[in-house]
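Asks: Input file: final_24.csv. Contents: CSV, C-alpha atoms and all ligand atoms.
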chain,number,residue,atom,x,y,z
A,1,MET,CA,89.8,116.8,119.1
A,2,GLN,CA,91.7,115.7,116.0
A,3,PHE,CA,90.5,115.8,112.4
A,4,ASN,CA,91.9,112.3,111.9
A,5,ASP,CA,93.2,110.9,115.2
A,6,LEU,CA,96.2,108.7,114.1
A,7,GLN,CA,97.5,108.7,117.6
A,8,ARG,CA,94.4,106.8,118.9
A,9,GLN,CA,94.8,104.4,116.1
A,10,TYR,CA,98.5,103.8,116.9
A,11,THR,CA,97.7,103.2,120.6
A,12,ALA,CA,95.1,100.6,119.6
A,13,TYR,CA,97.6,98.5,117.6
A,14,GLN,CA,100.8,99.6,119.4
A,15,SER,CA,102.2,96.3,120.4
A,16,GLU,CA,101.7,94.8,116.9
A,17,ILE,CA,103.1,97.8,115.1
A,18,ASP,CA,106.1,98.1,117.4
A,19,GLU,CA,106.9,94.5,116.9
A,20,ALA,CA,106.5,94.7,113.1
A,21,ILE,CA,108.9,97.7,113.0
A,22,GLN,CA,111.4,96.0,115.3
A,23,LYS,CA,111.4,93.0,113.1
A,24,VAL,CA,112.4,95.1,110.1
A,25,LEU,CA,115.1,96.8,112.2
A,26,ARG,CA,116.6,93.4,113.2
A,27,SER,CA,116.6,92.1,109.7
A,28,SER,CA,117.9,95.5,108.4
A,29,GLN,CA,116.4,94.8,105.0
A,30,PHE,CA,115.2,98.3,104.6
A,31,ILE,CA,114.7,98.2,100.9
A,32,ASN,CA,112.7,95.4,99.2
A,33,GLY,CA,112.6,93.3,102.4
A,34,GLU,CA,110.3,90.4,102.5
A,35,GLU,CA,107.5,92.4,104.0
A,36,VAL,CA,107.1,94.3,100.7
A,37,GLY,CA,106.4,91.2,98.7
A,38,LEU,CA,104.1,89.8,101.4
A,39,LEU,CA,102.2,93.0,101.5
A,40,GLU,CA,101.8,93.1,97.7
A,41,GLN,CA,100.3,89.6,97.8
A,42,GLU,CA,97.9,90.5,100.6
A,43,LEU,CA,96.9,93.7,98.8
A,44,ALA,CA,96.2,91.8,95.6
A,45,GLU,CA,94.2,89.3,97.4
A,46,TYR,CA,92.2,91.9,99.3
A,47,VAL,CA,91.4,93.9,96.2
A,48,GLY,CA,90.8,90.8,94.1
A,49,VAL,CA,93.4,91.5,91.3
A,50,LYS,CA,96.3,89.5,89.9
A,51,HIS,CA,98.9,92.2,90.6
A,52,ALA,CA,99.6,94.8,93.3
A,53,ILE,CA,102.7,96.8,92.7
A,54,SER,CA,103.9,99.0,95.6
A,55,CYS,CA,105.6,102.3,95.1
A,56,ALA,CA,106.6,105.5,96.8
A,57,SER,CA,103.3,107.5,96.7
A,58,GLY,CA,99.8,107.7,95.1
A,59,THR,CA,101.1,110.4,92.9
A,60,ASP,CA,104.0,108.2,91.7
A,61,ALA,CA,101.5,105.4,91.2
A,62,LEU,CA,99.5,107.6,88.8
A,63,LEU,CA,102.7,108.8,87.0
A,64,LEU,CA,103.8,105.2,86.6
A,65,CYS,CA,100.4,104.2,85.2
A,66,LEU,CA,100.6,107.0,82.6
A,67,MET,CA,104.2,106.0,81.7
A,68,ALA,CA,103.1,102.4,81.3
A,69,LEU,CA,100.4,103.4,78.9
A,70,ASP,CA,103.1,105.3,76.9
A,71,LEU,CA,101.3,108.6,77.2
A,72,GLN,CA,102.7,111.0,74.6
A,73,PRO,CA,102.9,114.8,74.5
A,74,GLY,CA,99.7,116.2,73.0
A,75,GLU,CA,97.6,113.2,74.0
A,76,GLU,CA,94.7,113.8,76.4
A,77,ILE,CA,93.6,112.3,79.7
A,78,ILE,CA,90.0,112.9,81.0
A,79,CYS,CA,89.9,113.8,84.7
A,80,PRO,CA,87.3,115.3,87.1
A,81,ALA,CA,87.4,119.1,87.7
A,82,PHE,CA,86.8,118.7,91.4
A,83,SER,CA,89.5,116.5,93.0
A,84,PHE,CA,93.0,116.4,94.3
A,85,ILE,CA,95.5,117.5,91.6
A,86,SER,CA,97.6,114.3,91.0
A,87,PRO,CA,95.8,112.8,88.0
A,88,ALA,CA,95.9,116.1,86.2
A,89,SER,CA,99.4,117.2,87.3
A,90,MET,CA,101.0,113.9,86.4
A,91,THR,CA,99.4,114.1,83.0
A,92,ARG,CA,100.8,117.5,82.5
A,93,LEU,CA,104.2,116.5,83.8
A,94,LEU,CA,104.4,114.1,80.8
A,95,SER,CA,103.5,117.0,78.5
A,96,ALA,CA,100.1,115.6,77.8
A,97,THR,CA,96.8,117.4,78.5
A,98,PRO,CA,94.4,116.9,81.3
A,99,VAL,CA,90.8,117.5,80.0
A,100,PHE,CA,88.5,118.4,82.8
A,101,VAL,CA,85.0,117.2,83.2
A,102,ASP,CA,82.6,118.7,85.7
A,103,VAL,CA,81.3,116.5,88.6
A,104,SER,CA,77.9,115.3,89.5
A,105,PRO,CA,76.0,117.0,92.3
A,106,LEU,CA,74.7,113.6,93.3
A,107,ASP,CA,78.0,111.8,94.3
A,108,PHE,CA,80.5,114.6,93.6
A,109,ASN,CA,82.3,112.2,91.2
A,110,ILE,CA,83.0,112.7,87.5
A,111,ASP,CA,79.7,113.5,85.7
A,112,ILE,CA,79.0,110.7,83.2
A,113,GLU,CA,76.5,112.8,81.2
A,114,LYS,CA,79.2,115.4,80.5
A,115,LEU,CA,82.0,113.0,79.8
A,116,GLU,CA,81.5,111.7,76.3
A,117,GLY,CA,81.5,115.3,74.8
A,118,LYS,CA,85.1,115.7,76.0
A,119,ILE,CA,86.4,112.7,74.2
A,120,THR,CA,88.5,113.5,71.1
A,121,THR,CA,90.8,111.6,68.8
A,122,ARG,CA,93.7,112.5,71.1
A,123,THR,CA,92.1,111.0,74.2
A,124,LYS,CA,94.1,108.1,75.7
A,125,ALA,CA,92.4,107.3,79.0
A,126,ILE,CA,89.8,108.3,81.5
A,127,ILE,CA,90.8,108.7,85.1
A,128,GLY,CA,87.9,108.4,87.5
A,129,VAL,CA,88.7,109.6,91.0
A,130,SER,CA,86.7,107.8,93.8
A,131,LEU,CA,86.2,110.9,95.8
A,132,PHE,CA,85.9,110.9,99.6
A,133,GLY,CA,85.8,107.1,99.6
A,134,GLN,CA,83.0,106.4,97.1
A,135,CYS,CA,83.8,104.8,93.8
A,136,ALA,CA,83.0,106.8,90.7
A,137,ASP,CA,80.4,105.2,88.4
A,138,PHE,CA,82.8,102.9,86.6
A,139,ASP,CA,80.3,100.8,84.5
A,140,PRO,CA,79.3,103.6,82.3
A,141,ILE,CA,82.9,104.9,82.3
A,142,LYS,CA,84.0,101.5,81.0
A,143,GLU,CA,81.3,101.4,78.4
A,144,LEU,CA,82.4,104.8,77.0
A,145,ALA,CA,86.0,103.7,77.1
A,146,ALA,CA,85.2,100.5,75.2
A,147,LYS,CA,83.2,102.5,72.6
A,148,HIS,CA,86.1,104.9,72.0
A,149,GLY,CA,89.0,102.5,72.5
A,150,LEU,CA,90.3,104.2,75.7
A,151,TRP,CA,92.1,102.9,78.8
A,152,THR,CA,90.4,103.3,82.2
A,153,ILE,CA,92.2,104.2,85.4
A,154,GLU,CA,90.8,104.5,89.0
A,155,ASP,CA,92.4,107.0,91.3
A,156,GLY,CA,91.4,105.1,94.5
A,157,ALA,CA,93.7,107.1,96.8
A,158,GLN,CA,90.7,107.8,99.0
A,159,SER,CA,88.7,104.6,98.4
A,160,PHE,CA,90.8,101.6,99.5
A,161,GLY,CA,88.3,99.1,100.8
A,162,ALA,CA,85.3,100.6,99.2
A,163,THR,CA,83.1,98.5,97.0
A,164,TYR,CA,81.2,99.1,93.7
A,165,LYS,CA,78.4,96.5,92.9
A,166,GLY,CA,80.2,94.0,95.2
A,167,ASP,CA,83.7,94.5,93.7
A,168,LYS,CA,86.5,96.2,95.5
A,169,SER,CA,87.9,99.6,94.6
A,170,GLY,CA,91.1,98.9,92.7
A,171,SER,CA,89.6,96.0,90.7
A,172,LEU,CA,87.3,97.9,88.5
A,173,THR,CA,89.5,99.4,85.7
A,174,ASP,CA,92.5,98.5,83.5
A,175,LEU,CA,94.8,100.2,86.1
A,176,ALA,CA,94.0,101.5,89.5
A,177,ILE,CA,96.0,103.2,92.2
A,178,THR,CA,95.9,103.9,95.9
A,179,SER,CA,97.8,106.0,98.4
A,180,PHE,CA,99.1,105.1,101.8
A,181,PHE,CA,99.6,108.7,103.0
A,182,PRO,CA,98.9,108.5,106.7
A,183,ALA,CA,95.4,110.0,106.6
A,184,LYS,CA,94.0,107.8,103.9
A,185,PRO,CA,91.7,104.9,104.8
A,186,LEU,CA,94.8,102.5,104.7
A,187,GLY,CA,97.7,104.7,105.7
A,188,CYS,CA,101.3,104.1,106.6
A,189,TYR,CA,103.7,106.2,108.6
A,190,GLY,CA,105.1,108.2,105.8
A,191,ASP,CA,104.5,108.1,102.0
A,192,GLY,CA,103.5,105.1,100.0
A,193,GLY,CA,101.3,103.9,97.2
A,194,ALA,CA,100.3,101.0,95.1
A,195,ILE,CA,99.0,100.1,91.6
A,196,PHE,CA,96.5,97.3,90.9
A,197,THR,CA,95.9,95.5,87.6
A,198,ASN,CA,94.9,92.2,86.1
A,199,ASN,CA,97.0,93.0,83.0
A,200,ASP,CA,100.2,90.9,83.0
A,201,VAL,CA,102.0,93.0,80.4
A,202,LEU,CA,101.3,96.3,82.1
A,203,ALA,CA,102.2,94.8,85.5
A,204,GLU,CA,105.6,93.7,84.2
A,205,LYS,CA,106.2,97.1,82.6
A,206,LEU,CA,105.3,98.9,85.8
A,207,ARG,CA,107.8,96.8,87.8
A,208,VAL,CA,110.5,97.8,85.3
A,209,LEU,CA,109.5,101.5,85.3
A,210,LYS,CA,109.4,101.8,89.1
A,211,SER,CA,112.9,100.5,89.3
A,212,HIS,CA,115.0,102.8,87.0
A,213,GLY,CA,113.7,101.0,83.9
A,214,GLN,CA,115.9,98.0,84.8
A,215,THR,CA,115.2,94.5,83.6
A,216,SER,CA,118.1,93.2,85.6
A,217,ARG,CA,120.5,95.1,87.8
A,218,TYR,CA,122.2,97.9,85.9
A,219,TYR,CA,120.6,96.9,82.6
A,220,HIS,CA,118.1,99.5,81.7
A,221,GLN,CA,115.5,98.8,79.0
A,222,LEU,CA,113.4,102.0,79.7
A,223,VAL,CA,113.8,105.4,81.3
A,224,GLY,CA,112.1,105.0,84.7
A,225,LEU,CA,111.8,106.2,88.3
A,226,ASN,CA,113.1,105.1,91.6
A,227,SER,CA,109.7,104.6,93.4
A,228,ARG,CA,109.7,102.1,96.2
A,229,LEU,CA,107.6,101.4,99.3
A,230,ASP,CA,110.1,101.1,102.3
A,231,THR,CA,110.1,97.8,104.1
A,232,ILE,CA,109.1,99.5,107.4
A,233,GLN,CA,106.1,101.0,105.8
A,234,ALA,CA,105.1,97.7,104.3
A,235,ALA,CA,105.4,96.0,107.7
A,236,ILE,CA,103.2,98.7,109.3
A,237,LEU,CA,100.6,98.3,106.4
A,238,ARG,CA,100.4,94.6,107.0
A,239,VAL,CA,99.4,95.2,110.6
A,240,LYS,CA,96.9,97.9,109.6
A,241,LEU,CA,95.4,95.8,106.7
A,242,LYS,CA,94.4,93.2,109.3
A,243,HIS,CA,92.3,95.8,111.1
A,244,LEU,CA,91.0,97.6,108.0
A,245,ASP,CA,87.6,95.9,107.7
A,246,ASP,CA,86.8,96.7,111.4
A,247,GLU,CA,87.9,100.3,110.8
A,248,LEU,CA,85.8,100.6,107.6
A,249,GLN,CA,82.8,99.3,109.6
A,250,ALA,CA,83.5,101.9,112.3
A,251,ARG,CA,83.8,104.7,109.8
A,252,GLY,CA,80.5,103.6,108.2
A,253,GLN,CA,79.0,103.8,111.7
A,254,VAL,CA,80.4,107.3,112.3
A,255,ALA,CA,78.9,108.4,108.9
A,256,ALA,CA,75.5,106.9,109.8
A,257,THR,CA,75.5,108.6,113.2
A,258,TYR,CA,76.4,112.0,111.6
A,259,LYS,CA,73.6,111.6,109.1
A,260,THR,CA,71.0,111.0,111.8
A,261,LEU,CA,72.2,114.0,113.9
A,262,LEU,CA,73.1,116.7,111.4
A,263,PRO,CA,70.7,119.6,111.2
A,264,GLU,CA,68.5,120.6,108.3
A,265,GLY,CA,70.0,122.7,105.5
A,266,ILE,CA,73.1,120.7,105.0
A,267,PHE,CA,73.7,118.6,101.9
A,268,LEU,CA,75.8,115.5,101.5
A,269,PRO,CA,77.1,113.5,98.6
A,270,GLU,CA,74.7,110.6,98.2
A,271,VAL,CA,76.2,107.1,98.6
A,272,VAL,CA,74.6,105.5,95.6
A,273,ASN,CA,72.9,102.2,95.7
A,274,ARG,CA,75.3,99.2,95.5
A,275,ARG,CA,78.3,101.3,96.4
A,276,GLU,CA,79.9,101.2,99.9
A,277,SER,CA,82.1,104.2,100.8
A,278,SER,CA,85.3,103.8,102.7
A,279,TRP,CA,84.5,107.3,104.2
A,280,ALA,CA,88.0,108.8,103.6
A,281,GLN,CA,86.2,112.1,104.4
A,282,PHE,CA,82.9,113.0,105.8
A,283,THR,CA,82.2,116.1,103.7
A,284,VAL,CA,79.1,118.2,103.9
A,285,GLY,CA,77.9,121.2,101.9
A,286,LEU,CA,76.4,124.4,103.4
A,287,GLY,CA,76.0,128.1,102.8
A,288,ASN,CA,78.2,130.3,104.9
A,289,ARG,CA,80.8,127.6,104.8
A,290,ASP,CA,83.7,129.9,105.9
A,291,GLN,CA,81.8,131.2,108.9
A,292,ALA,CA,80.8,127.6,109.8
A,293,LYS,CA,84.5,126.6,109.7
A,294,GLU,CA,85.4,129.5,112.0
A,295,TYR,CA,82.5,128.7,114.4
A,296,LEU,CA,83.5,125.1,114.7
A,297,ALA,CA,87.2,126.0,115.1
A,298,ALA,CA,86.2,128.3,118.1
A,299,LYS,CA,84.5,125.2,119.6
A,300,GLY,CA,87.7,123.1,119.2
A,301,ILE,CA,86.4,121.2,116.1
A,302,PRO,CA,89.0,121.0,113.3
A,303,THR,CA,87.6,120.9,109.7
A,304,THR,CA,89.2,120.9,106.3
A,305,ILE,CA,88.1,122.2,102.9
A,306,HIS,CA,88.4,119.5,100.2
A,307,TYR,CA,88.8,121.4,97.8
A,308,PRO,CA,88.7,125.2,97.8
A,309,LEU,CA,89.5,125.8,94.1
A,310,PRO,CA,88.4,123.6,91.2
A,311,LEU,CA,91.4,122.2,89.2
A,312,PRO,CA,90.6,124.0,85.9
A,313,MET,CA,90.9,127.3,87.8
A,314,GLN,CA,94.4,126.5,89.3
A,315,ASP,CA,97.2,128.7,88.1
A,316,ALA,CA,99.1,125.5,87.2
A,317,PHE,CA,96.6,124.8,84.4
A,318,ALA,CA,96.1,128.3,83.2
A,319,ASP,CA,97.7,127.5,79.9
A,320,ILE,CA,95.4,124.6,79.0
A,321,VAL,CA,91.9,125.6,80.1
A,322,ALA,CA,89.9,127.7,77.8
A,323,PRO,CA,89.1,131.0,79.5
A,324,GLY,CA,85.5,131.2,80.3
A,325,GLU,CA,84.9,127.5,80.3
A,326,SER,CA,82.7,126.8,83.2
A,327,PHE,CA,82.6,123.9,85.7
A,328,GLU,CA,79.4,124.8,87.4
A,329,VAL,CA,79.1,122.0,90.0
A,330,ALA,CA,82.8,122.0,90.8
A,331,SER,CA,82.6,125.8,91.4
A,332,LEU,CA,79.5,125.4,93.6
A,333,LEU,CA,81.1,122.6,95.6
A,334,SER,CA,84.4,124.4,96.2
A,335,GLU,CA,82.5,127.2,97.9
A,336,ALA,CA,80.2,125.0,100.0
A,337,VAL,CA,82.1,121.9,101.1
A,338,LEU,CA,83.4,121.3,104.6
A,339,SER,CA,85.0,118.0,105.8
A,340,LEU,CA,84.2,117.1,109.4
A,341,PRO,CA,86.4,115.0,111.7
A,342,MET,CA,86.2,111.4,110.4
A,343,HIS,CA,88.1,108.3,111.6
A,344,ALA,CA,87.4,104.9,113.1
A,345,PHE,CA,88.0,106.0,116.7
A,346,LEU,CA,85.7,109.0,116.8
A,347,SER,CA,83.4,108.6,119.8
A,348,ILE,CA,79.6,109.0,119.9
A,349,GLU,CA,80.0,111.9,122.3
A,350,GLU,CA,82.4,113.6,119.9
A,351,ILE,CA,80.0,113.1,116.9
A,352,GLN,CA,77.1,114.5,119.1
A,353,TYR,CA,79.2,117.5,120.0
A,354,ILE,CA,80.1,118.2,116.4
A,355,ALA,CA,76.5,117.8,115.2
A,356,GLN,CA,75.2,120.0,118.1
A,357,SER,CA,77.7,122.7,117.3
A,358,LEU,CA,76.7,122.7,113.6
A,359,LYS,CA,73.1,122.9,114.7
A,360,GLU,CA,73.9,126.0,116.9
A,361,PHE,CA,75.7,127.6,113.9
A,362,MET,CA,72.7,127.0,111.6
A,363,GLU,CA,70.3,128.5,114.1
A,364,HIS,CA,72.6,131.4,114.7
A,365,GLU,CA,72.7,132.1,111.0
A,366,SER,CA,68.9,131.8,110.2
A,401,LIG,C1,96.0,111.7,98.3
A,401,LIG,C2,95.6,111.6,96.9
A,401,LIG,C3,96.5,111.4,95.9
A,401,LIG,C4,98.0,111.4,96.1
A,401,LIG,O1,98.5,110.5,97.0
A,401,LIG,P1,100.0,110.8,97.6
A,401,LIG,O2,100.3,109.4,98.2
A,401,LIG,O3,99.9,111.8,98.6
A,401,LIG,O4,100.9,111.1,96.5
A,401,LIG,C5,96.0,111.3,94.6
A,401,LIG,N1,94.7,111.4,94.3
A,401,LIG,C6,93.8,111.6,95.3
A,401,LIG,C7,92.4,111.7,94.9
A,401,LIG,C8,94.2,111.8,96.6
A,401,LIG,O5,93.3,112.0,97.6
Show me, as structure tokens, the structure contained in the file I just sent.

Replies:
Amino acid sequence: MQFNDLQRQYTAYQSEIDEAIQKVLRSSQFINGEEVGLLEQELAEYVGVKHAISCASGTDALLLCLMALDLQPGEEIICPAFSFISPASMTRLLSATPVFVDVSPLDFNIDIEKLEGKITTRTKAIIGVSLFGQCADFDPIKELAAKHGLWTIEDGAQSFGATYKGDKSGSLTDLAITSFFPAKPLGCYGDGGAIFTNNDVLAEKLRVLKSHGQTSRYYHQLVGLNSRLDTIQAAILRVKLKHLDDELQARGQVAATYKTLLPEGIFLPEVVNRRESSWAQFTVGLGNRDQAKEYLAAKGIPTTIHYPLPLPMQDAFADIVAPGESFEVASLLSEAVLSLPMHAFLSIEEIQYIAQSLKEFMEHES
């Protein structure tokens, strides 16, 4: 059994993907081939924004967003304490300061109640991460941002295809990013990412920044990066995008089946009313998490811990987090969470086997 069975997915679309790759090989336009522009149009249409700007990874996408906002050393970016590192690390890379906010035990996303207290005169933007596929609560985030004159960014690396009150992830904030890392809801066969925005000025600046700060070839207006999505990856993504809604439906079905079969004594992030998750991960919480992980491994069931250490406790941020500052929910979650196999091709028998094995473990423990 695979945690995320990309091989089954490839087999399902093999002829289309092979043909798409062959077409790029025949054209040999490996950089900025026509597939890149076509994908960007299709992504913008899917998400419902004016601009989709492809780049080399989700992490680069975040860095480019912060550069486009002209983030200065000493300024602050609000980020969740329980998440992947990129929003905080890219902030730090620009010599600005990530300011961590604890997460909510309800949806595991940034806790709105604890957010406003972290805003200072140095705050530049709020980054909401849409964890495990469910959008953060962006309406109150945007209200706070408007009140304090801040930018809003969605880290939608895990939530491509998810919706919030009917709107797609990626369309909710001033700037939003996603990642096309293979295991993400919309993944390519290597690294890739994209930025979404309705802001024409920022979109133009992002295009300059991702291409060495060039306004025309060899004329550099800004200091930028080289951050491109390869044509082959764009061609693969165009095939996968066509199948995405079916996959999202299948993932939703897997999640619903898990929920009916899982034993008592396990908690889950609640998918809040009027939000639809893209189920990047199916993450549960339980006591004796490490033993559960071992028990399942012995039964041939791979699991992952997203994430074992809250970001404020990472060595990389030791210089910016006040010693003794506590992030209660993040700490609790990091000790209890376990992500179970989740992908669109998981069979009912596999889900039953996983749920049954967890049940055996719980009975064993009690
Ligand atoms: C995967 C991920 C990223 C980084 O994406 P890459 O494409 O791997 O750079 C950023 N944020 C979150 C929440 C992620 O899950």

Asks: Considering all atoms listed in the file, state which residue in the set A:Asp155, A:Asp230, A:Asp174, A:Glu335 is at the smallest distance from Gly33 (chain A).

Replies: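 Smallest distance to Gly33 (chain A) is found for A:Asp230.
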
Asks: Using only C-alpha atoms and all ligand atoms, which residues have at least one atom no more than 9 Å from ligand LIG 401 (chain A)? Output them as number ranges by chain.

Replies: A: 56-62, 83-87, 129-132, 155-159, 177-184, 191-194, 280

Asks: Tell me which protein, DNA and RNA residues are within 6 Å of region 261-275 of chain A, counting all atoms listed in the file, leaving out same-chain ones fewer than 5 positions away, and put them as a list in words.

Replies: Leu106, Asp107, Thr163, Tyr164, Lys165, Val284, Gly285, Leu286, Ala355 and Lys359 of chain A

Asks: Choose the residue, out of A:Ser347, A:Thr303, A:Ser277, A:Thr152, that has the smallest atom-to-atom separation from Tyr258 (chain A); count all atoms listed in the file.

Replies: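 Going through A:Ser347, A:Thr303, A:Ser277, A:Thr152 one by one, the smallest distance to Tyr258 (chain A) is for A:Ser347.
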
Asks: Give me, as a ChimeraX atom specification, all polymer residues having an atom no more than 7 Å from region 34-45 of chain A, counting all atoms listed in the file and skipping those fewer than 2 positions away in the same chain.

Replies: /A:32,47-54,231,234-235,238

Asks: Export, as a CSV table (one decimal), keeping the file's coordinate frame, the selected residues with C-alpha atoms.

Replies:
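Written output follows (selection_18.csv):
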chain,number,residue,atom,x,y,z
A,32,ASN,CA,112.7,95.4,99.2
A,47,VAL,CA,91.4,93.9,96.2
A,48,GLY,CA,90.8,90.8,94.1
A,49,VAL,CA,93.4,91.5,91.3
A,50,LYS,CA,96.3,89.5,89.9
A,51,HIS,CA,98.9,92.2,90.6
A,52,ALA,CA,99.6,94.8,93.3
A,53,ILE,CA,102.7,96.8,92.7
A,54,SER,CA,103.9,99.0,95.6
A,231,THR,CA,110.1,97.8,104.1
A,234,ALA,CA,105.1,97.7,104.3
A,235,ALA,CA,105.4,96.0,107.7
A,238,ARG,CA,100.4,94.6,107.0

Asks: Which is closest to Leu6 (chain A) among A:Val208, A:Ile232, A:Leu115, A:Leu186, if we use only C-alpha atoms?

Replies: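 That would be A:Leu186, the residue with the smallest distance to Leu6 (chain A).
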
Asks: Tell me, in Å to one decimal, how far CA of Ala146 (chain A) is from CA of Cys55 (chain A).

Replies: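 Answer for the CA of Ala146 (chain A) to CA of Cys55 (chain A) separation: 28.6 Å.
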
Asks: Find the residue from A:Gly252, A:Gly149, A:Gly190, A:Gly324 that sits nearest to Thr120 (chain A); use all atoms listed in the file when measuring.

Replies: A:Gly149

Asks: Counting all atoms listed in the file, what is within 12 Å of Ile141 (chain A), bar same-chain residues fewer than 2 positions away, as a PyMOL selection string?

Replies: chain A and resi 78-79+109-116+119+125-129+135-139+143-154+172-174

Asks: Given the choices A:Phe3, A:Tyr307, A:Trp279, A:Tyr46, which gets closest to Ala256 (chain A) if the distance is worked out from all atoms listed in the file?

Replies: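 Selected residue with least distance to Ala256 (chain A): A:Trp279.
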
Asks: Is it possible to produce a file of region 283-297 of chain A from this structure, with N, CA and C atoms, as a CSV table (one decimal), in the first residue's frame?

Replies:
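That gives us out.csv:
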chain,number,residue,atom,x,y,z
A,283,THR,N,-5.9,13.6,8.0
A,283,THR,CA,-5.1,13.6,9.2
A,283,THR,C,-6.0,13.5,10.5
A,284,VAL,N,-5.6,12.5,11.3
A,284,VAL,CA,-6.4,12.3,12.5
A,284,VAL,C,-5.5,12.6,13.7
A,285,GLY,N,-6.2,12.7,14.9
A,285,GLY,CA,-5.4,12.9,16.1
A,285,GLY,C,-5.8,11.8,17.1
A,286,LEU,N,-4.8,11.3,17.8
A,286,LEU,CA,-5.0,10.3,18.8
A,286,LEU,C,-3.9,10.2,19.8
A,287,GLY,N,-4.2,9.7,21.0
A,287,GLY,CA,-3.2,9.5,22.0
A,287,GLY,C,-2.3,8.3,21.5
A,288,ASN,N,-1.2,8.1,22.1
A,288,ASN,CA,-0.3,7.0,21.7
A,288,ASN,C,0.0,7.0,20.2
A,289,ARG,N,0.1,8.2,19.6
A,289,ARG,CA,0.3,8.4,18.2
A,289,ARG,C,1.5,7.6,17.7
A,290,ASP,N,2.6,7.6,18.4
A,290,ASP,CA,3.8,7.0,17.9
A,290,ASP,C,3.6,5.4,17.8
A,291,GLN,N,2.9,4.9,18.8
A,291,GLN,CA,2.7,3.5,18.8
A,291,GLN,C,1.7,3.1,17.7
A,292,ALA,N,0.7,4.0,17.5
A,292,ALA,CA,-0.2,3.7,16.4
A,292,ALA,C,0.5,3.7,15.1
A,293,LYS,N,1.4,4.6,14.9
A,293,LYS,CA,2.2,4.7,13.6
A,293,LYS,C,2.9,3.3,13.4
A,294,GLU,N,3.6,2.9,14.5
A,294,GLU,CA,4.3,1.6,14.4
A,294,GLU,C,3.4,0.4,14.1
A,295,TYR,N,2.3,0.4,14.8
A,295,TYR,CA,1.3,-0.7,14.7
A,295,TYR,C,0.8,-0.8,13.2
A,296,LEU,N,0.5,0.4,12.7
A,296,LEU,CA,0.0,0.4,11.3
A,296,LEU,C,1.1,0.0,10.3
A,297,ALA,N,2.3,0.5,10.6
A,297,ALA,CA,3.5,0.2,9.7
A,297,ALA,C,3.7,-1.4,9.7
